[in-house]
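See structure below.
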Amino acid sequence: MGLKAKSLPPSLLALALSVLFAFAPPAAARNVFKQFSKAPTFTPPAGCVPREQTYGVLSRCEKPIAPGRTFVALIDTAMGAATTTEIFVTGHVDDIKSYWQHDYPGKNLAFSSHVSDIVPGGNLPSRGTRCMEYAITELDAAVGDPQAQTVWRVAGLTCAWLVDDPQPGAPTIELFWLEAYDGYDPAKGQKPLESFDSIVRALFASVRL
C-alpha cells in the first residue's frame, strides 16, 4: 500500500483508509514511508497506555474504559502530490467521509469537518501547512448472539505540508492524521465517554512533528 499511496493523487487516500478500517475502526498497521521527513506523534491522555511506535515515536495508545471497551488514539501518515496542500488535505477528509458513507458496514452516519487553527509543535514544516478537523458518529451493524451494536464516536485532526527540496519524481506533500475513538453499546447500558471532547482538545493540542 505504501508504494501506491506515495505515487497517486489525493484520492489515493481512499485506498489507505480502506485498509486502515478493514477490521474495526481503530485496528490496522501504520503506514511507513522511508523518505517521510517528519515523525508525527502526540502526548497520550492520562491512562492511555502506549501500544505502537512509528518513525521511532508513539503512534498508538489505548485506555481501558470498561470490559470490552477501550479508548484509542492513533496517528498515521500518507504522501502524495497535489497543486496545493489545501487540496490534498481536503481530499483526505473527503475520502474519510466517503469511506464511512459507502464502505464501512454501519448506518446513521453523522460527519462534520472544518478548517483547524491548530499548529503542530516540534519540527514544523517551513511552508504550506494546512490542517482540518473532522467528527464522526456511526452505528455498527448488529452482530453476535445476543446481538451487539457499537456506536463509534471518532474525532480526527489531519495536517498536510510541502516537502522541503523533494527529489525528482518523489512526493511533494506529506500528511498525518490523528484520530481518537470511543465505541460504546447502548444495549449494555454504556454511554458516550463524558470527557471525550476535553480529551480530544488536549490530544490535538499536543501533536508535534
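Labels for the C-alpha cells follow display order: chains A, B, ..., residues from 1 in each chain, ligands from 1.
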
Contacts of A:Met132 within 10 Å, only C-alpha atoms, excl. fewer than 2 positions in-chain, as a tab-separated table (two decimals) with C-alpha atoms, in the first residue's frame:
chain	number	residue	atom	x	y	z
A	86	GLU	CA	-5.23	22.66	0.90
A	89	VAL	CA	-5.84	17.71	2.99
A	90	THR	CA	-9.39	18.44	1.82
A	92	HIS	CA	-8.10	13.31	2.51
A	93	VAL	CA	-11.10	14.39	4.59
A	113	SER	CA	-15.44	18.90	9.23
A	114	HIS	CA	-13.84	22.32	9.36
A	115	VAL	CA	-10.53	24.10	8.87
A	116	SER	CA	-8.43	23.89	12.04
A	117	ASP	CA	-6.30	26.61	13.57
A	118	ILE	CA	-4.16	24.06	15.42
A	130	ARG	CA	-2.85	23.19	6.27
A	134	TYR	CA	-13.49	16.18	11.48
A	156	GLY	CA	-9.80	13.50	13.78
A	157	LEU	CA	-7.11	16.08	13.06
A	158	THR	CA	-5.21	15.95	9.77
A	159	CYS	CA	-2.43	18.23	8.52
A	160	ALA	CA	-0.56	18.37	5.22
A	177	TRP	CA	-3.99	12.14	10.59

May I have a table of the residues of stretch 50-126 of chain A lying at most 8 Å from stretch 178-191 of chain A, giving each one's closest pair of atoms and their distance in Å to one decimal, counting only C-alpha atoms, ordered by chain and ascending residue number, as JSON lines?
{"residue": "A:Arg69", "atom": "CA", "partner": "A:Gly183", "partner_atom": "CA", "distance": 6.7}
{"residue": "A:Thr70", "atom": "CA", "partner": "A:Asp182", "partner_atom": "CA", "distance": 6.9}
{"residue": "A:Phe71", "atom": "CA", "partner": "A:Asp182", "partner_atom": "CA", "distance": 5.1}
{"residue": "A:Val72", "atom": "CA", "partner": "A:Tyr181", "partner_atom": "CA", "distance": 5.1}
{"residue": "A:Ala73", "atom": "CA", "partner": "A:Ala180", "partner_atom": "CA", "distance": 4.4}
{"residue": "A:Leu74", "atom": "CA", "partner": "A:Glu179", "partner_atom": "CA", "distance": 5.5}
{"residue": "A:Ile75", "atom": "CA", "partner": "A:Leu178", "partner_atom": "CA", "distance": 4.2}
{"residue": "A:Asp76", "atom": "CA", "partner": "A:Leu178", "partner_atom": "CA", "distance": 6.6}

Could you write out the selected residues, including N, CA, C and O atoms, as a PDB file, in the first residue's frame?
ATOM      1  N   ARG A  69     -14.387  -2.513  26.261  1.00  0.00           N
ATOM      2  CA  ARG A  69     -14.484  -1.139  25.728  1.00  0.00           C
ATOM      3  C   ARG A  69     -13.177  -0.405  25.986  1.00  0.00           C
ATOM      4  O   ARG A  69     -12.697  -0.346  27.122  1.00  0.00           O
ATOM      5  N   THR A  70     -12.603   0.177  24.909  1.00  0.00           N
ATOM      6  CA  THR A  70     -11.293   0.812  25.005  1.00  0.00           C
ATOM      7  C   THR A  70     -11.274   2.114  24.215  1.00  0.00           C
ATOM      8  O   THR A  70     -11.709   2.156  23.064  1.00  0.00           O
ATOM      9  N   PHE A  71     -10.774   3.164  24.834  1.00  0.00           N
ATOM     10  CA  PHE A  71     -10.493   4.412  24.118  1.00  0.00           C
ATOM     11  C   PHE A  71      -9.169   4.238  23.382  1.00  0.00           C
ATOM     12  O   PHE A  71      -8.198   3.720  23.928  1.00  0.00           O
ATOM     13  N   VAL A  72      -9.131   4.659  22.117  1.00  0.00           N
ATOM     14  CA  VAL A  72      -7.932   4.509  21.297  1.00  0.00           C
ATOM     15  C   VAL A  72      -7.570   5.850  20.673  1.00  0.00           C
ATOM     16  O   VAL A  72      -8.439   6.578  20.172  1.00  0.00           O
ATOM     17  N   ALA A  73      -6.277   6.186  20.704  1.00  0.00           N
ATOM     18  CA  ALA A  73      -5.742   7.327  19.955  1.00  0.00           C
ATOM     19  C   ALA A  73      -4.639   6.790  19.049  1.00  0.00           C
ATOM     20  O   ALA A  73      -3.803   6.006  19.499  1.00  0.00           O
ATOM     21  N   LEU A  74      -4.655   7.178  17.786  1.00  0.00           N
ATOM     22  CA  LEU A  74      -3.639   6.696  16.850  1.00  0.00           C
ATOM     23  C   LEU A  74      -3.332   7.760  15.812  1.00  0.00           C
ATOM     24  O   LEU A  74      -4.144   8.647  15.542  1.00  0.00           O
ATOM     25  N   ILE A  75      -2.139   7.674  15.238  1.00  0.00           N
ATOM     26  CA  ILE A  75      -1.705   8.617  14.217  1.00  0.00           C
ATOM     27  C   ILE A  75      -1.129   7.827  13.049  1.00  0.00           C
ATOM     28  O   ILE A  75      -0.507   6.780  13.242  1.00  0.00           O
ATOM     29  N   ASP A  76      -1.383   8.312  11.826  1.00  0.00           N
ATOM     30  CA  ASP A  76      -0.897   7.635  10.633  1.00  0.00           C
ATOM     31  C   ASP A  76      -0.464   8.681   9.617  1.00  0.00           C
ATOM     32  O   ASP A  76      -0.716   9.882   9.799  1.00  0.00           O
TER      33      ASP A  76
END

From the set A:Ala148, A:Ala170, A:Ala141, A:Ala155, which residue has the shortest atom-to-atom contact distance to A:Leu203, counting only C-alpha atoms?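 Under the stated criterion, the closest residue is A:Ala155.
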
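The list of residues with at least one atom within 10 Å of A:Pro120, based on only C-alpha atoms and without residues fewer than 4 positions apart in the same chain, reads Pro40, Thr41, Phe42, Leu124, Pro125, Thr129, Cys131, Cys159, Phe204, Ala205, Ser206, Val207, Arg208 and Leu209 of chain A.
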
Give me, as an MDAnalysis selection string, the residues of chain A that a backbone DSSP run labels strand (DSSP E). chainID A and resid 49:54 57:66 69:80 106:115 130:140 151:162 173:184

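Taking stretch 37-189 of chain A and asking which residues DSSP calls alpha helix (DSSP H) on the backbone, you get A:Thr85, A:Glu86, A:Ile87, A:Phe88, A:Val89, A:Thr90, A:Gly91, A:His92, A:Val93, A:Asp94, A:Asp95, A:Ile96, A:Lys97, A:Ser98, A:Tyr99, A:Trp100, A:Gln101, A:His102.
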
Keeping N, CA and C atoms for every residue in the selection just given, could you write it to a file as a PDB file, in the first residue's frame?
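Full text of again28.pdb as output:
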ATOM      1  N   THR A  85      -1.445  22.112  -0.746  1.00  0.00           N
ATOM      2  CA  THR A  85      -1.709  21.283   0.438  1.00  0.00           C
ATOM      3  C   THR A  85      -3.170  21.388   0.858  1.00  0.00           C
ATOM      4  N   GLU A  86      -3.809  22.516   0.587  1.00  0.00           N
ATOM      5  CA  GLU A  86      -5.230  22.665   0.903  1.00  0.00           C
ATOM      6  C   GLU A  86      -6.051  21.637   0.128  1.00  0.00           C
ATOM      7  N   ILE A  87      -5.753  21.480  -1.159  1.00  0.00           N
ATOM      8  CA  ILE A  87      -6.453  20.476  -1.965  1.00  0.00           C
ATOM      9  C   ILE A  87      -6.174  19.073  -1.424  1.00  0.00           C
ATOM     10  N   PHE A  88      -4.934  18.803  -1.051  1.00  0.00           N
ATOM     11  CA  PHE A  88      -4.545  17.478  -0.585  1.00  0.00           C
ATOM     12  C   PHE A  88      -5.248  17.117   0.721  1.00  0.00           C
ATOM     13  N   VAL A  89      -5.234  18.025   1.691  1.00  0.00           N
ATOM     14  CA  VAL A  89      -5.836  17.708   2.986  1.00  0.00           C
ATOM     15  C   VAL A  89      -7.357  17.654   2.879  1.00  0.00           C
ATOM     16  N   THR A  90      -7.939  18.499   2.034  1.00  0.00           N
ATOM     17  CA  THR A  90      -9.388  18.445   1.819  1.00  0.00           C
ATOM     18  C   THR A  90      -9.782  17.134   1.154  1.00  0.00           C
ATOM     19  N   GLY A  91      -8.970  16.676   0.184  1.00  0.00           N
ATOM     20  CA  GLY A  91      -9.233  15.391  -0.447  1.00  0.00           C
ATOM     21  C   GLY A  91      -9.151  14.242   0.536  1.00  0.00           C
ATOM     22  N   HIS A  92      -8.222  14.340   1.476  1.00  0.00           N
ATOM     23  CA  HIS A  92      -8.099  13.309   2.514  1.00  0.00           C
ATOM     24  C   HIS A  92      -9.370  13.224   3.350  1.00  0.00           C
ATOM     25  N   VAL A  93      -9.872  14.375   3.785  1.00  0.00           N
ATOM     26  CA  VAL A  93     -11.096  14.394   4.592  1.00  0.00           C
ATOM     27  C   VAL A  93     -12.280  13.893   3.774  1.00  0.00           C
ATOM     28  N   ASP A  94     -12.349  14.259   2.504  1.00  0.00           N
ATOM     29  CA  ASP A  94     -13.428  13.776   1.640  1.00  0.00           C
ATOM     30  C   ASP A  94     -13.385  12.257   1.512  1.00  0.00           C
ATOM     31  N   ASP A  95     -12.175  11.687   1.424  1.00  0.00           N
ATOM     32  CA  ASP A  95     -12.049  10.241   1.306  1.00  0.00           C
ATOM     33  C   ASP A  95     -12.461   9.534   2.600  1.00  0.00           C
ATOM     34  N   ILE A  96     -12.142  10.138   3.728  1.00  0.00           N
ATOM     35  CA  ILE A  96     -12.592   9.574   5.003  1.00  0.00           C
ATOM     36  C   ILE A  96     -14.113   9.538   5.061  1.00  0.00           C
ATOM     37  N   LYS A  97     -14.742  10.650   4.695  1.00  0.00           N
ATOM     38  CA  LYS A  97     -16.213  10.716   4.697  1.00  0.00           C
ATOM     39  C   LYS A  97     -16.793   9.692   3.733  1.00  0.00           C
ATOM     40  N   SER A  98     -16.211   9.587   2.543  1.00  0.00           N
ATOM     41  CA  SER A  98     -16.713   8.640   1.549  1.00  0.00           C
ATOM     42  C   SER A  98     -16.607   7.209   2.054  1.00  0.00           C
ATOM     43  N   TYR A  99     -15.487   6.882   2.728  1.00  0.00           N
ATOM     44  CA  TYR A  99     -15.337   5.533   3.272  1.00  0.00           C
ATOM     45  C   TYR A  99     -16.462   5.204   4.248  1.00  0.00           C
ATOM     46  N   TRP A 100     -16.689   6.092   5.200  1.00  0.00           N
ATOM     47  CA  TRP A 100     -17.722   5.828   6.202  1.00  0.00           C
ATOM     48  C   TRP A 100     -19.109   5.797   5.578  1.00  0.00           C
ATOM     49  N   GLN A 101     -19.333   6.571   4.528  1.00  0.00           N
ATOM     50  CA  GLN A 101     -20.638   6.587   3.873  1.00  0.00           C
ATOM     51  C   GLN A 101     -20.908   5.322   3.065  1.00  0.00           C
ATOM     52  N   HIS A 102     -19.876   4.827   2.362  1.00  0.00           N
ATOM     53  CA  HIS A 102     -20.114   3.811   1.345  1.00  0.00           C
ATOM     54  C   HIS A 102     -19.467   2.458   1.618  1.00  0.00           C
TER      55      HIS A 102
END

Determine the nearest neighbour of A:Ala135 from the options A:Leu175, A:Ile65, A:Ala82, A:Ala110, counting only C-alpha atoms.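 Ranked by minimum distance to A:Ala135, first place goes to A:Ala110.
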
Would you mind listing what lies within 12 Å of A:Ala46 as an mmCIF file with all heavy atoms, in the first residue's frame, with only C-alpha atoms counted and same-chain residues fewer than 4 positions away left out?
data_model
loop_
_atom_site.group_PDB
_atom_site.id
_atom_site.type_symbol
_atom_site.label_atom_id
_atom_site.label_comp_id
_atom_site.auth_asym_id
_atom_site.auth_seq_id
_atom_site.Cartn_x
_atom_site.Cartn_y
_atom_site.Cartn_z
ATOM 1 N N PRO A 50 0.816 3.402 25.916
ATOM 2 C CA PRO A 50 1.458 3.290 24.592
ATOM 3 C C PRO A 50 1.456 1.857 24.085
ATOM 4 O O PRO A 50 1.822 0.937 24.813
ATOM 5 C CB PRO A 50 2.880 3.800 24.847
ATOM 6 C CG PRO A 50 2.753 4.704 26.037
ATOM 7 C CD PRO A 50 1.696 4.062 26.905
ATOM 8 N N CYS A 61 -2.049 4.610 21.355
ATOM 9 C CA CYS A 61 -2.213 4.277 22.763
ATOM 10 C C CYS A 61 -3.650 3.821 23.003
ATOM 11 O O CYS A 61 -4.554 4.119 22.218
ATOM 12 C CB CYS A 61 -1.852 5.459 23.670
ATOM 13 S SG CYS A 61 -3.041 6.825 23.684
ATOM 14 N N GLU A 62 -3.855 3.077 24.084
ATOM 15 C CA GLU A 62 -5.159 2.531 24.418
ATOM 16 C C GLU A 62 -5.439 2.721 25.905
ATOM 17 O O GLU A 62 -4.545 2.532 26.736
ATOM 18 C CB GLU A 62 -5.224 1.042 24.071
ATOM 19 C CG GLU A 62 -4.992 0.742 22.597
ATOM 20 C CD GLU A 62 -4.995 -0.750 22.289
ATOM 21 O OE1 GLU A 62 -5.195 -1.544 23.242
ATOM 22 O OE2 GLU A 62 -4.799 -1.113 21.124
ATOM 23 N N LYS A 63 -6.691 3.059 26.207
ATOM 24 C CA LYS A 63 -7.098 3.261 27.601
ATOM 25 C C LYS A 63 -8.365 2.451 27.863
ATOM 26 O O LYS A 63 -9.423 2.752 27.306
ATOM 27 C CB LYS A 63 -7.370 4.739 27.878
ATOM 28 C CG LYS A 63 -7.849 5.012 29.300
ATOM 29 C CD LYS A 63 -8.086 6.490 29.534
ATOM 30 C CE LYS A 63 -8.554 6.774 30.954
ATOM 31 N NZ LYS A 63 -8.755 8.216 31.200
ATOM 32 N N PRO A 64 -8.288 1.407 28.689
ATOM 33 C CA PRO A 64 -9.492 0.641 29.021
ATOM 34 C C PRO A 64 -10.513 1.527 29.742
ATOM 35 O O PRO A 64 -10.172 2.272 30.660
ATOM 36 C CB PRO A 64 -8.968 -0.460 29.939
ATOM 37 C CG PRO A 64 -7.496 -0.535 29.665
ATOM 38 C CD PRO A 64 -7.078 0.856 29.321
ATOM 39 N N PHE A 71 -10.774 3.164 24.834
ATOM 40 C CA PHE A 71 -10.493 4.412 24.118
ATOM 41 C C PHE A 71 -9.169 4.238 23.382
ATOM 42 O O PHE A 71 -8.198 3.720 23.928
ATOM 43 C CB PHE A 71 -10.381 5.574 25.109
ATOM 44 C CG PHE A 71 -9.866 6.855 24.514
ATOM 45 C CD1 PHE A 71 -10.739 7.782 23.964
ATOM 46 C CD2 PHE A 71 -8.506 7.136 24.507
ATOM 47 C CE1 PHE A 71 -10.264 8.968 23.408
ATOM 48 C CE2 PHE A 71 -8.015 8.312 23.963
ATOM 49 C CZ PHE A 71 -8.900 9.224 23.407
ATOM 50 N N ALA A 73 -6.277 6.186 20.704
ATOM 51 C CA ALA A 73 -5.742 7.327 19.955
ATOM 52 C C ALA A 73 -4.639 6.790 19.049
ATOM 53 O O ALA A 73 -3.803 6.006 19.499
ATOM 54 C CB ALA A 73 -5.188 8.397 20.889
ATOM 55 N N SER A 195 -15.924 12.719 29.048
ATOM 56 C CA SER A 195 -14.741 13.569 28.908
ATOM 57 C C SER A 195 -14.143 13.526 27.509
ATOM 58 O O SER A 195 -13.051 14.065 27.282
ATOM 59 C CB SER A 195 -13.685 13.157 29.935
ATOM 60 O OG SER A 195 -13.355 11.774 29.793
ATOM 61 N N SER A 198 -13.033 16.972 25.887
ATOM 62 C CA SER A 198 -11.884 17.610 26.537
ATOM 63 C C SER A 198 -10.605 16.807 26.293
ATOM 64 O O SER A 198 -9.525 17.386 26.109
ATOM 65 C CB SER A 198 -12.139 17.770 28.036
ATOM 66 O OG SER A 198 -12.358 16.514 28.667
ATOM 67 N N ILE A 199 -10.718 15.479 26.268
ATOM 68 C CA ILE A 199 -9.559 14.647 25.966
ATOM 69 C C ILE A 199 -9.070 14.938 24.556
ATOM 70 O O ILE A 199 -7.865 15.075 24.304
ATOM 71 C CB ILE A 199 -9.909 13.154 26.122
ATOM 72 C CG1 ILE A 199 -10.137 12.804 27.591
ATOM 73 C CG2 ILE A 199 -8.798 12.273 25.538
ATOM 74 C CD1 ILE A 199 -10.636 11.394 27.821
ATOM 75 N N VAL A 200 -10.008 15.044 23.618
ATOM 76 C CA VAL A 200 -9.650 15.298 22.220
ATOM 77 C C VAL A 200 -8.961 16.645 22.058
ATOM 78 O O VAL A 200 -7.965 16.772 21.345
ATOM 79 C CB VAL A 200 -10.899 15.201 21.326
ATOM 80 C CG1 VAL A 200 -10.643 15.828 19.953
ATOM 81 C CG2 VAL A 200 -11.333 13.754 21.174
ATOM 82 N N ALA A 202 -7.172 18.336 24.203
ATOM 83 C CA ALA A 202 -5.804 18.243 24.724
ATOM 84 C C ALA A 202 -4.934 17.372 23.820
ATOM 85 O O ALA A 202 -3.756 17.672 23.595
ATOM 86 C CB ALA A 202 -5.833 17.685 26.149
ATOM 87 N N LEU A 203 -5.514 16.295 23.304
ATOM 88 C CA LEU A 203 -4.774 15.403 22.399
ATOM 89 C C LEU A 203 -4.327 16.153 21.152
ATOM 90 O O LEU A 203 -3.151 16.095 20.757
ATOM 91 C CB LEU A 203 -5.660 14.223 22.020
ATOM 92 C CG LEU A 203 -5.073 13.191 21.047
ATOM 93 C CD1 LEU A 203 -3.952 12.407 21.713
ATOM 94 C CD2 LEU A 203 -6.182 12.247 20.553
#

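Residue nearest A:Ser59 within the list A:Phe176, A:Ser37, A:Leu193, A:Asn108: A:Phe176 [criterion: smallest interatomic distance, only C-alpha atoms].
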
To one decimal place in Å, what is the distance between atom CA of A:Phe196 and atom CA of A:Tyr104?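 Between atom CA of A:Phe196 and atom CA of A:Tyr104 the gap is 22.6 Å.
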